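*Asks:* For reference, the file work_2.txt (compact mmCIF, C-alpha atoms) is included below:
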# COMPACT_ATOMS: atom_id res chain seq x y z
CA GLN U 1 188.95 28.66 -60.29
CA LYS U 2 192.33 29.22 -61.89
CA GLU U 3 193.92 32.60 -61.32
CA VAL U 4 194.16 33.34 -65.03
CA GLU U 5 191.89 31.83 -67.65
CA GLN U 6 192.81 31.91 -71.31
CA ASP U 7 191.19 30.09 -74.21
CA PRO U 8 193.92 27.81 -75.60
CA GLY U 9 192.51 27.85 -79.12
CA PRO U 10 193.86 26.97 -81.59
CA LEU U 11 192.77 30.06 -83.46
CA SER U 12 193.15 30.24 -87.23
CA VAL U 13 192.59 33.45 -89.19
CA PRO U 14 193.30 34.68 -92.73
CA GLU U 15 196.09 37.13 -93.32
CA GLY U 16 194.98 40.71 -92.74
CA ALA U 17 192.32 39.81 -90.17
CA ILE U 18 191.97 41.48 -86.80
CA VAL U 19 192.79 39.03 -84.02
CA SER U 20 191.32 39.30 -80.54
CA LEU U 21 192.92 37.36 -77.70
CA ASN U 22 191.46 37.43 -74.22
CA CYS U 23 192.14 36.50 -70.63
CA THR U 24 190.24 36.82 -67.39
CA TYR U 25 191.77 36.86 -63.94
CA SER U 26 190.31 36.34 -60.52
CA ASN U 27 192.54 38.27 -58.10
CA SER U 28 191.94 42.01 -57.94
CA ALA U 29 195.38 42.43 -56.36
CA PHE U 30 197.04 41.98 -59.72
CA GLN U 31 198.56 45.26 -60.83
CA TYR U 32 200.60 44.49 -63.92
CA PHE U 33 199.38 42.98 -67.13
CA MET U 34 201.52 41.58 -69.92
CA TRP U 35 201.23 39.83 -73.21
CA TYR U 36 203.97 37.57 -74.49
CA ARG U 37 204.49 35.92 -77.84
CA GLN U 38 206.25 32.58 -77.97
CA TYR U 39 207.45 30.90 -81.09
CA SER U 40 208.06 27.18 -81.03
CA ARG U 41 211.16 26.21 -79.05
CA LYS U 42 211.91 29.81 -78.08
CA GLY U 43 211.55 31.82 -74.91
CA PRO U 44 208.55 34.16 -74.55
CA GLU U 45 208.98 37.64 -75.98
CA LEU U 46 207.35 40.58 -74.21
CA LEU U 47 204.88 42.33 -76.50
CA MET U 48 202.92 44.61 -74.22
CA TYR U 49 203.18 45.74 -70.62
CA THR U 50 200.62 47.87 -68.85
CA TYR U 51 199.40 48.59 -65.36
CA SER U 52 196.29 50.70 -65.83
CA SER U 53 192.83 50.19 -67.23
CA GLY U 54 192.36 51.32 -70.78
CA ASN U 55 194.15 50.80 -74.05
CA LYS U 56 197.81 50.79 -74.91
CA GLU U 57 198.88 50.71 -78.51
CA ASP U 58 202.17 49.69 -80.09
CA GLY U 59 202.18 49.39 -83.84
CA ARG U 60 199.70 46.72 -84.87
CA PHE U 61 199.19 45.60 -81.28
CA THR U 62 196.72 47.03 -78.78
CA ALA U 63 196.47 45.83 -75.20
CA GLN U 64 193.26 46.51 -73.33
CA VAL U 65 192.71 46.18 -69.61
CA ASP U 66 189.40 46.38 -67.78
CA LYS U 67 190.14 46.09 -64.09
CA SER U 68 186.50 46.32 -63.09
CA SER U 69 185.73 43.18 -65.10
CA LYS U 70 189.15 41.61 -64.55
CA TYR U 71 189.47 41.21 -68.27
CA ILE U 72 192.47 41.76 -70.52
CA SER U 73 192.70 41.63 -74.28
CA LEU U 74 195.27 41.81 -77.03
CA PHE U 75 194.24 42.95 -80.49
CA ILE U 76 196.41 42.38 -83.53
CA ARG U 77 195.56 44.42 -86.62
CA ASP U 78 196.46 43.41 -90.15
CA SER U 79 197.65 40.03 -88.97
CA GLN U 80 200.58 38.47 -90.79
CA PRO U 81 201.74 34.86 -91.15
CA SER U 82 204.74 35.84 -89.01
CA ASP U 83 202.31 36.51 -86.15
CA SER U 84 201.64 32.77 -85.98
CA ALA U 85 202.74 31.80 -82.49
CA THR U 86 201.42 31.12 -79.01
CA TYR U 87 200.28 34.21 -77.13
CA LEU U 88 200.44 34.18 -73.35
CA CYS U 89 198.81 36.65 -71.03
CA ALA U 90 200.52 37.18 -67.69
CA VAL U 91 199.68 39.10 -64.54
CA ASN U 92 201.34 39.84 -61.23
CA TRP U 93 201.79 42.41 -58.49
CA GLY U 94 204.95 43.87 -57.06
CA ASN U 95 207.97 41.76 -57.87
CA THR U 96 206.13 38.46 -57.58
CA PRO U 97 206.40 35.73 -60.20
CA LEU U 98 204.18 36.05 -63.22
CA VAL U 99 200.96 34.10 -63.33
CA PHE U 100 200.39 32.91 -66.88
CA GLY U 101 197.37 31.94 -68.85
CA LYS U 102 197.58 28.66 -70.74
CA GLY U 103 198.40 30.45 -73.99
CA THR U 104 196.46 30.72 -77.23
CA ARG U 105 197.92 29.17 -80.36
CA LEU U 106 197.37 31.46 -83.32
CA SER U 107 197.80 30.59 -86.97
CA VAL U 108 197.60 33.30 -89.62
CA ILE U 109 197.01 31.76 -93.00
CA ALA U 110 198.43 33.49 -96.08
CA GLY Q 1 215.57 46.78 -74.28
CA ALA Q 2 216.50 44.41 -71.50
CA VAL Q 3 218.26 41.26 -72.62
CA VAL Q 4 218.53 37.95 -70.80
CA SER Q 5 221.06 35.52 -72.20
CA GLN Q 6 220.58 31.82 -71.51
CA HIS Q 7 223.06 29.04 -72.27
CA PRO Q 8 223.21 26.44 -73.56
CA SER Q 9 220.26 26.52 -75.92
CA ARG Q 10 220.28 22.78 -76.28
CA VAL Q 11 221.98 19.99 -74.35
CA ILE Q 12 221.89 16.22 -74.44
CA CYS Q 13 223.24 14.33 -71.46
CA LYS Q 14 223.34 10.80 -70.15
CA SER Q 15 221.20 9.60 -67.27
CA GLY Q 16 222.89 10.17 -63.94
CA THR Q 17 224.97 13.13 -65.01
CA SER Q 18 224.47 16.78 -64.05
CA VAL Q 19 223.78 19.70 -66.33
CA LYS Q 20 224.23 23.39 -65.59
CA ILE Q 21 222.17 26.08 -67.29
CA GLU Q 22 223.23 29.73 -67.07
CA CYS Q 23 221.07 32.81 -67.17
CA ARG Q 24 222.62 36.26 -67.44
CA SER Q 25 221.06 39.70 -67.47
CA LEU Q 26 223.22 41.53 -69.99
CA ASP Q 27 222.42 45.19 -69.50
CA PHE Q 28 220.70 45.39 -66.15
CA GLN Q 29 221.00 44.05 -62.65
CA ALA Q 30 218.51 41.44 -61.57
CA THR Q 31 218.14 40.84 -57.85
CA THR Q 32 215.49 38.28 -58.65
CA MET Q 33 215.36 35.74 -61.43
CA PHE Q 34 212.78 33.06 -62.08
CA TRP Q 35 213.19 29.57 -63.46
CA TYR Q 36 210.44 27.88 -65.43
CA ARG Q 37 209.88 24.53 -67.02
CA GLN Q 38 207.71 24.05 -70.06
CA PHE Q 39 206.34 20.84 -71.55
CA PRO Q 40 205.32 20.65 -75.21
CA LYS Q 41 202.25 22.71 -75.98
CA LYS Q 42 201.86 23.66 -72.35
CA SER Q 43 202.27 26.92 -70.51
CA LEU Q 44 205.23 27.80 -68.33
CA MET Q 45 205.45 26.21 -64.92
CA LEU Q 46 207.32 28.18 -62.28
CA MET Q 47 209.98 26.07 -60.60
CA ALA Q 48 211.73 28.52 -58.32
CA THR Q 49 212.52 32.12 -57.55
CA SER Q 50 216.21 32.89 -57.40
CA ASN Q 51 217.35 35.71 -55.12
CA GLU Q 52 220.82 37.19 -55.32
CA GLY Q 53 222.85 36.30 -52.28
CA SER Q 54 220.27 34.06 -50.66
CA LYS Q 55 218.61 30.70 -51.04
CA ALA Q 56 216.15 30.13 -53.82
CA THR Q 57 212.46 29.71 -53.10
CA TYR Q 58 211.08 26.56 -54.68
CA GLU Q 59 207.53 25.93 -55.73
CA GLN Q 60 205.62 23.07 -54.22
CA GLY Q 61 206.57 19.76 -55.76
CA VAL Q 62 209.94 20.90 -57.10
CA GLU Q 63 212.85 18.97 -55.61
CA LYS Q 64 215.40 21.46 -54.36
CA ASP Q 65 218.12 18.83 -54.15
CA LYS Q 66 217.60 17.90 -57.75
CA PHE Q 67 217.30 21.38 -59.20
CA LEU Q 68 220.07 23.41 -57.62
CA ILE Q 69 219.83 27.14 -58.09
CA ASN Q 70 222.63 29.58 -57.45
CA HIS Q 71 222.35 33.34 -57.80
CA ALA Q 72 225.83 34.48 -56.93
CA SER Q 73 225.76 37.89 -58.58
CA LEU Q 74 223.28 40.49 -59.74
CA THR Q 75 223.64 39.35 -63.33
CA LEU Q 76 223.98 35.59 -63.13
CA SER Q 77 221.76 32.75 -61.96
CA THR Q 78 222.41 29.08 -62.65
CA LEU Q 79 220.18 26.03 -62.58
CA THR Q 80 221.89 22.66 -62.18
CA VAL Q 81 219.89 19.54 -62.88
CA THR Q 82 221.58 16.87 -60.80
CA SER Q 83 221.51 13.14 -61.47
CA ALA Q 84 219.40 13.73 -64.51
CA HIS Q 85 216.75 11.24 -65.58
CA PRO Q 86 214.85 11.01 -68.86
CA GLU Q 87 211.77 12.49 -67.16
CA ASP Q 88 213.80 15.66 -66.57
CA SER Q 89 213.87 16.20 -70.31
CA SER Q 90 212.09 19.47 -70.91
CA PHE Q 91 212.42 23.09 -71.96
CA TYR Q 92 213.84 25.26 -69.18
CA ILE Q 93 213.51 29.04 -69.30
CA CYS Q 94 214.72 31.80 -67.02
CA SER Q 95 213.41 35.33 -66.66
CA ALA Q 96 214.30 38.54 -64.90
CA ARG Q 97 212.86 41.97 -64.51
CA ASP Q 98 214.51 45.20 -65.47
CA ARG Q 99 212.79 47.59 -63.10
CA GLY Q 100 213.46 50.48 -65.39
CA GLN Q 101 211.50 48.97 -68.24
CA GLY Q 102 208.70 47.02 -66.68
CA GLY Q 103 207.66 43.57 -67.68
CA TYR Q 104 209.80 40.49 -67.35
CA THR Q 105 212.34 39.47 -69.94
CA PHE Q 106 212.87 35.82 -70.75
CA GLY Q 107 215.90 33.94 -71.89
CA SER Q 108 215.76 31.96 -75.11
CA GLY Q 109 215.35 28.70 -73.24
CA THR Q 110 217.35 25.48 -72.90
CA ARG Q 111 216.11 22.24 -74.37
CA LEU Q 112 217.39 19.42 -72.19
CA THR Q 113 217.29 15.86 -73.41
CA VAL Q 114 218.38 13.10 -71.04
CA VAL Q 115 219.18 9.79 -72.70
Please express the file's structure as structure tokens.

*Replies:*
Amino acid sequence: QKEVEQDPGPLSVPEGAIVSLNCTYSNSAFQYFMWYRQYSRKGPELLMYTYSSGNKEDGRFTAQVDKSSKYISLFIRDSQPSDSATYLCAVNWGNTPLVFGKGTRLSVIA
Amino acid sequence: GAVVSQHPSRVICKSGTSVKIECRSLDFQATTMFWYRQFPKKSLMLMATSNEGSKATYEQGVEKDKFLINHASLTLSTLTVTSAHPEDSSFYICSARDRGQGGYTFGSGTRLTVV
């Protein structure tokens, strides 16, 4: 079993839709949970960072962590064509390297 | 927020030559930096962990003599691809963590093409 599982998609939604992206992880030692957005031929951009169960909101983005189920989600409200990118979940503990999901390719159609 | 500057963004080199990629943390000190490689439409693959003032830790299967990493200061790590071959063509990305902000910040990446 991989440490982090993420549905690679691709996922295509109409503009304005609510997008739900999900990852599961296997190691309960993971303490930190991140979501990155990566546009083609660019480095990943940190969207959300959290370390506790529950929800964290930032503008149109909400990160949700359920440590008991080892499940993390990213919700995007009022999706825009500019949100079209690959979204990567990442986890780690301490100062260890990030463990990434495979990434989900999202297309928001105008 | 934390910024990691990576240069060059794109480089083309001939087979057999060496290429150096720089990664700088601009507004924070990074005792640890990470180097990744990414193939098209694939996720990031960790190559090595770069520690300031000491030897890098390489992941299994990564040739340390081919991918030389130097982390001489708290704000600069370099990756040198030695005796490059076409199969080394890839997208290389560095990252570092600003402890004050959480999360890891990534550079913009370097697209290496070996011809």

*Asks:* Which residue, U:Ser53, U:Ser107, U:Asn95, U:Asn22, has the smallest gap to Q:Gly103 when you use only C-alpha atoms?

*Replies:*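 Ranked by minimum distance to Q:Gly103, first place goes to U:Asn95.
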
*Asks:* Taking all atoms listed in the file into account, produce a table as JSON lines in which each residue of chain Q with an atom at most 7 Å from an atom of chain U appears once, together with its shortest atom pair and the distance in Å to one decimal, ordered by chain and rising number.

*Replies:*
{"residue": "Q:Lys42", "atom": "CA", "partner": "U:Lys102", "partner_atom": "CA", "distance": 6.8}
{"residue": "Q:Ser43", "atom": "CA", "partner": "U:Lys102", "partner_atom": "CA", "distance": 5.0}
{"residue": "Q:Ile93", "atom": "CA", "partner": "U:Gly43", "partner_atom": "CA", "distance": 6.6}
{"residue": "Q:Gly102", "atom": "CA", "partner": "U:Tyr49", "partner_atom": "CA", "distance": 6.9}
{"residue": "Q:Gly103", "atom": "CA", "partner": "U:Tyr49", "partner_atom": "CA", "distance": 5.8}
{"residue": "Q:Thr105", "atom": "CA", "partner": "U:Leu46", "partner_atom": "CA", "distance": 6.7}
{"residue": "Q:Phe106", "atom": "CA", "partner": "U:Gly43", "partner_atom": "CA", "distance": 5.9}
{"residue": "Q:Gly107", "atom": "CA", "partner": "U:Gly43", "partner_atom": "CA", "distance": 5.7}
{"residue": "Q:Ser108", "atom": "CA", "partner": "U:Gly43", "partner_atom": "CA", "distance": 4.2}
{"residue": "Q:Gly109", "atom": "CA", "partner": "U:Gly43", "partner_atom": "CA", "distance": 5.2}

*Asks:* Skipping near chain neighbours, those fewer than 5 positions away, what residues fall within 6 Å of Q:Arg24 using all atoms listed in the file, listed as a PyMOL selection string?

*Replies:* chain Q and resi 4-5+75-76

*Asks:* Distance atom CA of Q:Lys55-atom CA of Q:Thr80, one decimal place?

*Replies:* 14.1 Å

*Asks:* I'd like the contact shell of U:Ala110 - 9 Å cut-off, all atoms listed in the file, skipping same-chain residues fewer than 4 positions apart - returned as a PyMOL selection string.

*Replies:* chain U and resi 14-16+80-81

*Asks:* Atoms to include: C-alpha atoms. Write the selected residues as an mmCIF file, keeping the file's coordinate frame.

*Replies:*
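Done, and the output landed in part.cif:
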data_model
loop_
_atom_site.group_PDB
_atom_site.id
_atom_site.type_symbol
_atom_site.label_atom_id
_atom_site.label_comp_id
_atom_site.auth_asym_id
_atom_site.auth_seq_id
_atom_site.Cartn_x
_atom_site.Cartn_y
_atom_site.Cartn_z
ATOM 1 C CA PRO U 14 193.300 34.680 -92.730
ATOM 2 C CA GLU U 15 196.090 37.130 -93.320
ATOM 3 C CA GLY U 16 194.980 40.710 -92.740
ATOM 4 C CA GLN U 80 200.580 38.470 -90.790
ATOM 5 C CA PRO U 81 201.740 34.860 -91.150
#

*Asks:* Find the residues near U:Ser20: any atom within 10 Å, counting all atoms listed in the file, skip ones fewer than 5 places away on the same chain, and give them as number ranges by chain.

*Replies:* U: 11, 62-63, 73-77

*Asks:* Rounded to one decimal place, report the atom CA of Q:Ala84-atom CA of Q:Ala48 distance in Å.

*Replies:* 17.8 Å

*Asks:* Measure the distance from atom CA of U:Ile72 to atom CA of U:Gly9 in Å and round it to one decimal.

*Replies:*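 Answer for the atom CA of U:Ile72 to atom CA of U:Gly9 separation: 16.4 Å.
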
*Asks:* I'd like the box whose edges run along x, y and z of the file and which contains every listed atom of stretch 12-27 of chain Q, padded by 4 Å per side; could you state its centre and edge lengths in Å, one decimal, as lines of an AutoDock Vina configuration file?

*Replies:*
center_x = 223.0
center_y = 27.4
center_z = -69.2
size_x = 11.9
size_y = 43.6
size_z = 18.5

*Asks:* With distances taken over only C-alpha atoms, which of U:Phe61, U:Tyr87, U:Tyr71, U:Trp93 is nearest to U:Pro10?

*Replies:*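 Using only C-alpha atoms, the shortest distance to U:Pro10 belongs to U:Tyr87.
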
*Asks:* Measuring atom to atom with all atoms listed in the file, identify which of Q:Leu112, Q:Ile69, Q:Cys23, Q:Leu74 is nearest to Q:Asp88.

*Replies:*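 Smallest distance to Q:Asp88 is found for Q:Leu112.
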
*Asks:* Within 9 Å of Q:Gly16, counting only C-alpha atoms, which residues qualify if same-chain residues fewer than 6 places away don't, as a list of chain:residue names?

*Replies:*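 Surrounding residues, per the criterion: Q:Thr82, Q:Ser83, Q:Ala84, Q:His85, Q:Val114.
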
*Asks:* Tell me which of Q:Glu52, Q:Val81, Q:Asp98, Q:Ser90 sits closest to Q:Thr17, counting only C-alpha atoms.

*Replies:*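 Between Q:Glu52, Q:Val81, Q:Asp98, Q:Ser90, the residue approaching Q:Thr17 most closely is Q:Val81.
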